[in-house]
$ cat data.cif   # mmCIF, C-alpha atoms and all ligand atoms
data_query
loop_
_atom_site.group_PDB
_atom_site.id
_atom_site.type_symbol
_atom_site.label_atom_id
_atom_site.label_comp_id
_atom_site.auth_asym_id
_atom_site.auth_seq_id
_atom_site.Cartn_x
_atom_site.Cartn_y
_atom_site.Cartn_z
ATOM 1 C CA MET A 7 -2.226 -19.036 7.536
ATOM 2 C CA LEU A 8 -0.774 -15.668 6.522
ATOM 3 C CA GLU A 9 -2.852 -12.519 6.710
ATOM 4 C CA LEU A 10 -1.817 -9.178 5.309
ATOM 5 C CA ARG A 11 -3.870 -6.282 6.650
ATOM 6 C CA ASN A 12 -3.313 -2.828 5.225
ATOM 7 C CA LEU A 13 0.360 -3.552 4.671
ATOM 8 C CA SER A 14 2.283 -0.480 3.505
ATOM 9 C CA LYS A 15 5.919 0.217 2.731
ATOM 10 C CA SER A 16 7.623 3.376 1.658
ATOM 11 C CA TYR A 17 11.342 4.052 1.545
ATOM 12 C CA ALA A 18 12.671 7.158 3.247
ATOM 13 C CA SER A 19 13.933 8.636 0.019
ATOM 14 C CA GLY A 20 10.976 8.066 -2.237
ATOM 15 C CA ARG A 21 7.379 7.322 -3.073
ATOM 16 C CA PRO A 22 5.350 4.602 -1.359
ATOM 17 C CA VAL A 23 6.038 1.141 -2.837
ATOM 18 C CA LEU A 24 3.139 -0.791 -1.272
ATOM 19 C CA SER A 25 -0.031 0.878 0.016
ATOM 20 C CA ASN A 26 -2.646 -0.783 2.203
ATOM 21 C CA LEU A 27 -2.313 -4.304 0.807
ATOM 22 C CA SER A 28 -4.634 -6.892 2.294
ATOM 23 C CA TRP A 29 -4.810 -10.594 1.432
ATOM 24 C CA ASN A 30 -5.363 -13.958 3.139
ATOM 25 C CA PHE A 31 -3.096 -16.837 2.147
ATOM 26 C CA LYS A 32 -4.399 -20.288 3.069
ATOM 27 C CA ALA A 33 -2.589 -23.445 4.201
ATOM 28 C CA GLY A 34 -1.929 -25.866 1.341
ATOM 29 C CA GLU A 35 -2.067 -23.187 -1.369
ATOM 30 C CA PHE A 36 0.680 -22.681 -3.947
ATOM 31 C CA VAL A 37 0.337 -19.044 -4.994
ATOM 32 C CA SER A 38 2.342 -17.026 -7.496
ATOM 33 C CA ILE A 39 2.757 -13.269 -7.465
ATOM 34 C CA MET A 40 3.332 -11.535 -10.777
ATOM 35 C CA GLY A 41 3.508 -7.879 -11.758
ATOM 36 C CA ASP A 42 5.552 -5.261 -13.542
ATOM 37 C CA SER A 43 9.176 -4.732 -12.686
ATOM 38 C CA GLY A 44 9.556 -2.362 -9.736
ATOM 39 C CA VAL A 45 5.976 -2.763 -8.509
ATOM 40 C CA GLY A 46 7.165 -4.185 -5.185
ATOM 41 C CA LYS A 47 7.025 -8.000 -5.446
ATOM 42 C CA SER A 48 10.393 -8.632 -3.814
ATOM 43 C CA THR A 49 9.669 -5.924 -1.256
ATOM 44 C CA LEU A 50 6.471 -7.774 -0.336
ATOM 45 C CA LEU A 51 8.298 -11.099 0.114
ATOM 46 C CA ASN A 52 11.056 -9.397 2.110
ATOM 47 C CA LEU A 53 8.474 -7.871 4.455
ATOM 48 C CA ILE A 54 6.796 -11.243 5.012
ATOM 49 C CA ALA A 55 10.226 -12.840 5.538
ATOM 50 C CA GLY A 56 11.191 -10.193 8.078
ATOM 51 C CA LEU A 57 14.167 -8.996 6.003
ATOM 52 C CA ASP A 58 12.558 -5.553 5.893
ATOM 53 C CA THR A 59 10.033 -3.763 8.134
ATOM 54 C CA PRO A 60 6.641 -2.412 7.063
ATOM 55 C CA ASP A 61 5.586 1.162 7.705
ATOM 56 C CA ALA A 62 4.355 1.608 11.254
ATOM 57 C CA ALA A 63 0.609 0.978 11.393
ATOM 58 C CA ALA A 64 -1.794 2.332 13.952
ATOM 59 C CA GLY A 65 -3.678 -0.509 15.609
ATOM 60 C CA GLU A 66 -3.447 -3.995 14.163
ATOM 61 C CA SER A 67 -0.305 -5.702 12.912
ATOM 62 C CA PRO A 68 -0.070 -5.638 9.094
ATOM 63 C CA ILE A 69 1.432 -9.171 9.020
ATOM 64 C CA ILE A 70 -0.187 -12.038 10.931
ATOM 65 C CA VAL A 71 1.294 -15.544 10.760
ATOM 66 C CA ASP A 72 -0.768 -18.418 12.179
ATOM 67 C CA GLY A 73 -2.862 -15.868 14.069
ATOM 68 C CA VAL A 74 0.249 -14.287 15.612
ATOM 69 C CA PRO A 75 0.647 -10.531 14.953
ATOM 70 C CA MET A 76 4.306 -10.175 13.916
ATOM 71 C CA SER A 77 4.575 -6.570 15.067
ATOM 72 C CA GLY A 78 3.738 -7.691 18.610
ATOM 73 C CA LEU A 79 6.841 -9.909 18.804
ATOM 74 C CA ASP A 80 10.297 -8.861 19.949
ATOM 75 C CA ASP A 81 13.257 -9.685 17.686
ATOM 76 C CA ASP A 82 14.031 -13.001 19.391
ATOM 77 C CA ALA A 83 10.456 -14.259 19.247
ATOM 78 C CA ALA A 84 10.082 -13.160 15.617
ATOM 79 C CA THR A 85 13.329 -14.949 14.694
ATOM 80 C CA LYS A 86 12.186 -18.135 16.436
ATOM 81 C CA LEU A 87 8.814 -18.068 14.686
ATOM 82 C CA ARG A 88 10.413 -17.523 11.271
ATOM 83 C CA ARG A 89 13.004 -20.219 11.860
ATOM 84 C CA ALA A 90 10.371 -22.764 12.875
ATOM 85 C CA ARG A 91 7.474 -21.848 10.597
ATOM 86 C CA MET A 92 9.024 -20.472 7.404
ATOM 87 C CA GLY A 93 11.261 -21.789 4.626
ATOM 88 C CA PHE A 94 13.069 -19.535 2.166
ATOM 89 C CA ILE A 95 14.168 -20.009 -1.430
ATOM 90 C CA PHE A 96 15.883 -16.632 -1.853
ATOM 91 C CA GLN A 97 19.102 -15.443 -3.449
ATOM 92 C CA ALA A 98 19.926 -13.984 -0.034
ATOM 93 C CA PHE A 99 19.839 -17.477 1.479
ATOM 94 C CA HIS A 100 22.213 -19.158 -0.930
ATOM 95 C CA VAL A 101 23.366 -22.672 -0.273
ATOM 96 C CA LEU A 102 26.443 -22.248 1.970
ATOM 97 C CA PRO A 103 29.619 -23.101 0.019
ATOM 98 C CA HIS A 104 31.701 -24.458 2.914
ATOM 99 C CA LEU A 105 29.050 -26.972 4.054
ATOM 100 C CA THR A 106 28.266 -30.292 2.348
ATOM 101 C CA LEU A 107 24.848 -30.733 0.743
ATOM 102 C CA LEU A 108 23.685 -32.818 3.706
ATOM 103 C CA GLN A 109 24.926 -30.210 6.190
ATOM 104 C CA ASN A 110 23.188 -27.457 4.211
ATOM 105 C CA VAL A 111 19.881 -29.310 4.218
ATOM 106 C CA ALA A 112 20.221 -30.258 7.906
ATOM 107 C CA LEU A 113 20.798 -26.652 8.982
ATOM 108 C CA PRO A 114 17.141 -25.683 9.650
ATOM 109 C CA LEU A 115 16.739 -28.889 11.695
ATOM 110 C CA LEU A 116 19.818 -28.089 13.806
ATOM 111 C CA LEU A 117 18.701 -24.488 14.319
ATOM 112 C CA ASN A 118 15.298 -25.719 15.511
ATOM 113 C CA GLY A 119 16.763 -28.413 17.784
ATOM 114 C CA LEU A 120 15.181 -31.201 15.705
ATOM 115 C CA PRO A 121 16.654 -34.615 14.791
ATOM 116 C CA THR A 122 18.562 -34.417 11.511
ATOM 117 C CA GLU A 123 17.529 -37.730 9.866
ATOM 118 C CA ARG A 124 15.001 -36.004 7.631
ATOM 119 C CA ALA A 125 17.806 -34.160 5.829
ATOM 120 C CA THR A 126 18.827 -37.431 4.134
ATOM 121 C CA GLU A 127 15.186 -38.138 3.219
ATOM 122 C CA MET A 128 14.814 -34.671 1.694
ATOM 123 C CA LEU A 129 17.974 -35.056 -0.391
ATOM 124 C CA ASP A 130 16.538 -38.348 -1.676
ATOM 125 C CA ALA A 131 13.207 -36.637 -2.365
ATOM 126 C CA VAL A 132 14.870 -33.982 -4.539
ATOM 127 C CA GLY A 133 16.825 -36.590 -6.500
ATOM 128 C CA LEU A 134 20.189 -35.998 -4.848
ATOM 129 C CA GLY A 135 20.324 -39.115 -2.677
ATOM 130 C CA GLY A 136 23.904 -40.322 -2.346
ATOM 131 C CA ARG A 137 25.357 -36.870 -2.997
ATOM 132 C CA GLY A 138 25.079 -35.602 0.589
ATOM 133 C CA GLY A 139 28.876 -35.480 0.956
ATOM 134 C CA ASP A 140 29.353 -33.266 -2.115
ATOM 135 C CA PHE A 141 29.947 -29.539 -1.845
ATOM 136 C CA PRO A 142 27.830 -26.898 -3.623
ATOM 137 C CA HIS A 143 30.535 -26.024 -6.188
ATOM 138 C CA GLN A 144 30.116 -29.565 -7.603
ATOM 139 C CA LEU A 145 26.480 -28.880 -8.575
ATOM 140 C CA SER A 146 24.690 -27.474 -11.610
ATOM 141 C CA GLY A 147 22.313 -24.516 -11.217
ATOM 142 C CA GLY A 148 19.282 -26.811 -11.242
ATOM 143 C CA GLU A 149 20.820 -29.153 -8.679
ATOM 144 C CA MET A 150 21.631 -26.153 -6.476
ATOM 145 C CA GLN A 151 17.975 -25.098 -6.580
ATOM 146 C CA ARG A 152 17.014 -28.646 -5.588
ATOM 147 C CA VAL A 153 19.214 -28.324 -2.514
ATOM 148 C CA ALA A 154 17.645 -24.929 -1.758
ATOM 149 C CA ILE A 155 14.168 -26.506 -1.977
ATOM 150 C CA ALA A 156 15.185 -29.426 0.251
ATOM 151 C CA ARG A 157 16.582 -26.995 2.817
ATOM 152 C CA ALA A 158 13.507 -24.751 2.654
ATOM 153 C CA LEU A 159 11.134 -27.665 3.319
ATOM 154 C CA VAL A 160 13.123 -29.999 5.582
ATOM 155 C CA HIS A 161 11.691 -28.668 8.872
ATOM 156 C CA ARG A 162 8.125 -28.820 7.509
ATOM 157 C CA PRO A 163 7.498 -25.066 7.543
ATOM 158 C CA ALA A 164 3.929 -23.805 7.303
ATOM 159 C CA LEU A 165 4.956 -21.036 4.913
ATOM 160 C CA VAL A 166 7.458 -21.254 2.045
ATOM 161 C CA LEU A 167 8.619 -18.044 0.359
ATOM 162 C CA ALA A 168 10.340 -18.233 -3.026
ATOM 163 C CA ASP A 169 11.714 -15.288 -5.009
ATOM 164 C CA GLU A 170 12.187 -16.205 -8.696
ATOM 165 C CA PRO A 171 13.246 -19.781 -7.867
ATOM 166 C CA THR A 172 13.549 -20.710 -11.547
ATOM 167 C CA GLY A 173 14.865 -17.371 -12.822
ATOM 168 C CA ASN A 174 18.168 -18.634 -14.204
ATOM 169 C CA LEU A 175 17.159 -22.162 -15.202
ATOM 170 C CA ASP A 176 16.305 -23.634 -18.602
ATOM 171 C CA PRO A 177 12.591 -24.417 -19.173
ATOM 172 C CA ASP A 178 12.868 -28.195 -18.617
ATOM 173 C CA THR A 179 14.853 -27.804 -15.399
ATOM 174 C CA ALA A 180 12.501 -25.045 -14.241
ATOM 175 C CA HIS A 181 9.514 -27.322 -14.848
ATOM 176 C CA SER A 182 11.026 -30.198 -12.912
ATOM 177 C CA ILE A 183 12.025 -27.887 -10.005
ATOM 178 C CA LEU A 184 8.489 -26.515 -9.739
ATOM 179 C CA THR A 185 6.961 -29.988 -10.026
ATOM 180 C CA LEU A 186 9.147 -30.967 -7.108
ATOM 181 C CA LEU A 187 8.296 -27.846 -5.099
ATOM 182 C CA ARG A 188 4.599 -28.395 -5.726
ATOM 183 C CA ARG A 189 4.764 -32.070 -4.729
ATOM 184 C CA GLU A 190 6.594 -31.299 -1.498
ATOM 185 C CA ILE A 191 4.242 -28.449 -0.567
ATOM 186 C CA LYS A 192 1.203 -30.620 -1.163
ATOM 187 C CA ALA A 193 2.780 -33.438 0.876
ATOM 188 C CA THR A 194 3.419 -31.182 3.875
ATOM 189 C CA GLY A 195 0.321 -28.952 3.589
ATOM 190 C CA ALA A 196 2.452 -25.795 3.522
ATOM 191 C CA CYS A 197 1.403 -22.547 1.905
ATOM 192 C CA ALA A 198 3.935 -21.387 -0.691
ATOM 193 C CA ILE A 199 4.219 -17.916 -2.180
ATOM 194 C CA MET A 200 6.389 -17.563 -5.266
ATOM 195 C CA VAL A 201 7.332 -14.338 -7.006
ATOM 196 C CA THR A 202 7.897 -14.939 -10.706
ATOM 197 C CA HIS A 203 7.990 -13.221 -14.078
ATOM 198 C CA SER A 204 7.481 -16.549 -15.819
ATOM 199 C CA GLN A 205 4.039 -17.389 -17.114
ATOM 200 C CA ALA A 206 5.008 -21.051 -17.373
ATOM 201 C CA ALA A 207 6.010 -21.020 -13.694
ATOM 202 C CA ALA A 208 2.808 -19.245 -12.665
ATOM 203 C CA GLU A 209 0.754 -21.846 -14.542
ATOM 204 C CA MET A 210 2.020 -24.484 -12.134
ATOM 205 C CA THR A 211 0.514 -22.726 -9.112
ATOM 206 C CA ASP A 212 -3.034 -22.881 -7.735
ATOM 207 C CA LYS A 213 -3.612 -19.148 -7.825
ATOM 208 C CA VAL A 214 -1.976 -16.222 -9.587
ATOM 209 C CA LEU A 215 -1.991 -12.823 -7.903
ATOM 210 C CA GLN A 216 -1.213 -9.685 -9.831
ATOM 211 C CA LEU A 217 0.496 -6.925 -7.891
ATOM 212 C CA SER A 218 0.022 -3.453 -9.337
ATOM 213 C CA LYS A 219 0.063 0.145 -8.214
ATOM 214 C CA THR A 220 -3.591 -0.166 -7.292
ATOM 215 C CA GLY A 221 -3.139 -3.248 -5.111
ATOM 216 C CA ILE A 222 -3.291 -7.005 -5.322
ATOM 217 C CA GLN A 223 -5.864 -9.080 -7.188
ATOM 218 C CA GLU A 224 -6.380 -12.628 -8.394
ATOM 219 C CA THR A 225 -5.955 -13.103 -12.109
ATOM 220 C CA THR A 226 -6.341 -15.806 -14.712
ATOM 221 C CA ILE A 227 -3.416 -16.565 -16.939
ATOM 222 C CA VAL A 228 -4.162 -16.580 -20.623
ATOM 223 C CA ASN A 229 -1.566 -18.654 -22.389
ATOM 224 C CA PRO A 230 -1.507 -17.784 -26.111
ATOM 225 C CA PHE A 231 0.545 -20.909 -26.872
ATOM 226 C CA LYS A 232 -2.181 -23.218 -25.554
ATOM 227 C CA GLN A 233 -5.010 -22.013 -27.792
HETATM 228 N N1 LIG A 301 16.256 -0.519 -0.071
HETATM 229 C C1 LIG A 301 15.563 0.264 -0.921
HETATM 230 N N2 LIG A 301 15.625 1.604 -0.824
HETATM 231 C C2 LIG A 301 14.919 2.400 -1.659
HETATM 232 N N3 LIG A 301 14.098 1.932 -2.627
HETATM 233 C C3 LIG A 301 13.994 0.598 -2.763
HETATM 234 C C4 LIG A 301 14.719 -0.303 -1.925
HETATM 235 N N4 LIG A 301 14.405 -1.579 -2.289
HETATM 236 C C5 LIG A 301 13.536 -1.458 -3.325
HETATM 237 N N5 LIG A 301 13.286 -0.159 -3.601
HETATM 238 C C6 LIG A 301 12.380 0.363 -4.647
HETATM 239 O O1 LIG A 301 11.109 -0.211 -4.427
HETATM 240 C C7 LIG A 301 10.477 -0.497 -5.671
HETATM 241 C C8 LIG A 301 10.041 -1.961 -5.693
HETATM 242 O O2 LIG A 301 11.202 -2.819 -5.783
HETATM 243 P P1 LIG A 301 11.060 -4.409 -5.816
HETATM 244 O O3 LIG A 301 12.436 -4.968 -5.928
HETATM 245 O O4 LIG A 301 10.216 -4.854 -4.704
HETATM 246 O O5 LIG A 301 10.269 -4.592 -7.183
HETATM 247 P P2 LIG A 301 9.910 -5.927 -7.966
HETATM 248 O O6 LIG A 301 8.454 -5.836 -8.294
HETATM 249 O O7 LIG A 301 10.368 -7.126 -7.220
HETATM 250 O O8 LIG A 301 10.767 -5.706 -9.282
HETATM 251 P P3 LIG A 301 11.485 -6.749 -10.276
HETATM 252 O O9 LIG A 301 10.375 -7.501 -10.941
HETATM 253 O O10 LIG A 301 12.193 -5.851 -11.232
HETATM 254 O O11 LIG A 301 12.415 -7.596 -9.457
HETATM 255 C C9 LIG A 301 11.463 -0.132 -6.759
HETATM 256 O O12 LIG A 301 11.125 1.162 -7.259
HETATM 257 C C10 LIG A 301 12.780 -0.084 -6.030
HETATM 258 O O13 LIG A 301 13.659 0.848 -6.628
#
$ encode --input "data.cif" --output "structure tokens" --more "lines below"
Ligand SMILES: Nc1ncnc2c1ncn2[C@@H]1O[C@H](COP(=O)(O)OP(=O)(O)OP(=O)(O)O)[C@@H](O)[C@H]1O
Amino acid sequence: MLELRNLSKSYASGRPVLSNLSWNFKAGEFVSIMGDSGVGKSTLLNLIAGLDTPDAAAGESPIIVDGVPMSGLDDDAATKLRRARMGFIFQAFHVLPHLTLLQNVALPLLLNGLPTERATEMLDAVGLGGRGGDFPHQLSGGEMQRVAIARALVHRPALVLADEPTGNLDPDTAHSILTLLRREIKATGACAIMVTHSQAAAEMTDKVLQLSKTGIQETTIVNPFKQ
């Protein structure tokens, strides 16, 4: 579904952040990415999301979505593909304060020229049925994340990207948010990639990838509290 091939990123001022990363992400998988602070997890998600550009690569595109090499697309085509095929749960894509909850969730449908009925269904699915007319400032942090999840999934994207979606939530709320995210991903067959520092969050995914200076590899979580 998403292929990374020798993906590299260095910033003009400094050392390389990511070097020659390769990985295949499959449809229907819920994957977490863990790793030390500063190792490049958010950079990786930003590159996949198109918020940042990878280092120029000779030959093949370093990011391939649904078989489409992203570097072969012009800006318009790349924007259309992201809008239709991806959903984001990022700080940078906060719930918009001047729109109601229903309008927020309907936004990806409007942008893709799709009927907006599913926005109401998604609000129901995340436990906020009947609150579509409320505005974001009337919500708790956990409820806000529910809206963000509903908006990220409403247009049935093939790829969901989440950067620390439970970072500022208490453990019970975090667990219920991830249960919801998992259920919705499995219902739609999307692939979801979540960056997290939380072991408890990572335990709710199908696969845990460790990003380090030497690259990316699958890892098993050892939970000392479960022994
Ligand atoms: N726009 C930028 N310009 C220069 N350096 C940057 C930029 N963005 C990130 N970096 C550097 O790239 C490295 C990776 O940052 P990134 O935010 O991806 O790490 P991370 O693994 O997500 O860290 P954390 O777990 O602390 O959020 C860091 O050393 C950071 O300082």
$ residues_near_ligand --input "data.cif" --ligand "ligand LIG 301 (chain A)" --cutoff "9 Å" --atoms "only C-alpha atoms and all ligand atoms" --output "VMD selection string"
chain A and resid 15 to 24 40 to 52 58 169 to 170 201 to 203 217 to 218
$ closest_residue --input "data.cif" --among "A:Val160, A:Ala208, A:Leu53, A:Val74" --to "Leu117 of chain A" --atoms "only C-alpha atoms"
A:Val160
$ residues_around --input "data.cif" --residues "Lys213 of chain A" --least-positions-apart "4" --cutoff "9 Å" --atoms "all atoms listed in the file" --output "ChimeraX atom specification"
/A:35-39,208-209,224-226
$ residues_near_point --input "data.cif" --point "(13.5, -28.3, -0.3)" --cutoff "10 Å" --atoms "all atoms listed in the file" --output "VMD selection string"
chain A and resid 93 to 95 111 125 128 to 129 131 to 132 151 to 162 166 183 186 to 187 190 to 191
$ atom_distance --input "data.cif" --atom1 "atom CA of Lys32 of chain A" --atom2 "atom CA of Gly173 of chain A"
25.1 Å
$ decode --input "data.cif" --residues "segment 115-154 of chain A" --atoms "C-alpha atoms" --output "PDB file, in the first residue's frame"
ATOM      1  CA  LEU A 115     -15.939  14.711   1.899  1.00  0.00           C
ATOM      2  CA  LEU A 116     -16.575  18.225   0.552  1.00  0.00           C
ATOM      3  CA  LEU A 117     -12.977  18.571  -0.636  1.00  0.00           C
ATOM      4  CA  ASN A 118     -13.278  15.259  -2.495  1.00  0.00           C
ATOM      5  CA  GLY A 119     -16.683  16.100  -4.002  1.00  0.00           C
ATOM      6  CA  LEU A 120     -18.372  13.262  -2.082  1.00  0.00           C
ATOM      7  CA  PRO A 121     -21.832  13.229  -0.441  1.00  0.00           C
ATOM      8  CA  THR A 122     -21.614  14.398   3.168  1.00  0.00           C
ATOM      9  CA  GLU A 123     -24.049  11.963   4.870  1.00  0.00           C
ATOM     10  CA  ARG A 124     -21.215   9.816   6.185  1.00  0.00           C
ATOM     11  CA  ALA A 125     -20.038  12.676   8.410  1.00  0.00           C
ATOM     12  CA  THR A 126     -23.072  12.125  10.671  1.00  0.00           C
ATOM     13  CA  GLU A 127     -22.403   8.364  10.716  1.00  0.00           C
ATOM     14  CA  MET A 128     -18.770   8.943  11.691  1.00  0.00           C
ATOM     15  CA  LEU A 129     -19.721  11.288  14.532  1.00  0.00           C
ATOM     16  CA  ASP A 130     -22.077   8.563  15.785  1.00  0.00           C
ATOM     17  CA  ALA A 131     -19.305   5.981  15.413  1.00  0.00           C
ATOM     18  CA  VAL A 132     -16.942   8.007  17.616  1.00  0.00           C
ATOM     19  CA  GLY A 133     -19.602   8.492  20.291  1.00  0.00           C
ATOM     20  CA  LEU A 134     -20.432  12.105  19.480  1.00  0.00           C
ATOM     21  CA  GLY A 135     -23.791  11.561  17.786  1.00  0.00           C
ATOM     22  CA  GLY A 136     -26.106  14.477  18.506  1.00  0.00           C
ATOM     23  CA  ARG A 137     -23.230  16.892  19.100  1.00  0.00           C
ATOM     24  CA  GLY A 138     -22.658  17.792  15.438  1.00  0.00           C
ATOM     25  CA  GLY A 139     -23.814  21.381  16.025  1.00  0.00           C
ATOM     26  CA  ASP A 140     -21.313  21.991  18.842  1.00  0.00           C
ATOM     27  CA  PHE A 141     -18.090  23.898  18.304  1.00  0.00           C
ATOM     28  CA  PRO A 142     -14.625  22.539  19.178  1.00  0.00           C
ATOM     29  CA  HIS A 143     -14.169  24.816  22.223  1.00  0.00           C
ATOM     30  CA  GLN A 144     -17.054  22.909  23.884  1.00  0.00           C
ATOM     31  CA  LEU A 145     -15.083  19.631  23.826  1.00  0.00           C
ATOM     32  CA  SER A 146     -12.625  17.889  26.132  1.00  0.00           C
ATOM     33  CA  GLY A 147      -9.204  16.831  24.818  1.00  0.00           C
ATOM     34  CA  GLY A 148     -10.375  13.245  24.344  1.00  0.00           C
ATOM     35  CA  GLU A 149     -13.531  14.334  22.535  1.00  0.00           C
ATOM     36  CA  MET A 150     -11.426  16.566  20.278  1.00  0.00           C
ATOM     37  CA  GLN A 151      -9.273  13.571  19.337  1.00  0.00           C
ATOM     38  CA  ARG A 152     -12.457  11.639  18.551  1.00  0.00           C
ATOM     39  CA  VAL A 153     -13.447  14.372  16.112  1.00  0.00           C
ATOM     40  CA  ALA A 154      -9.945  14.279  14.601  1.00  0.00           C
TER      41      ALA A 154
END
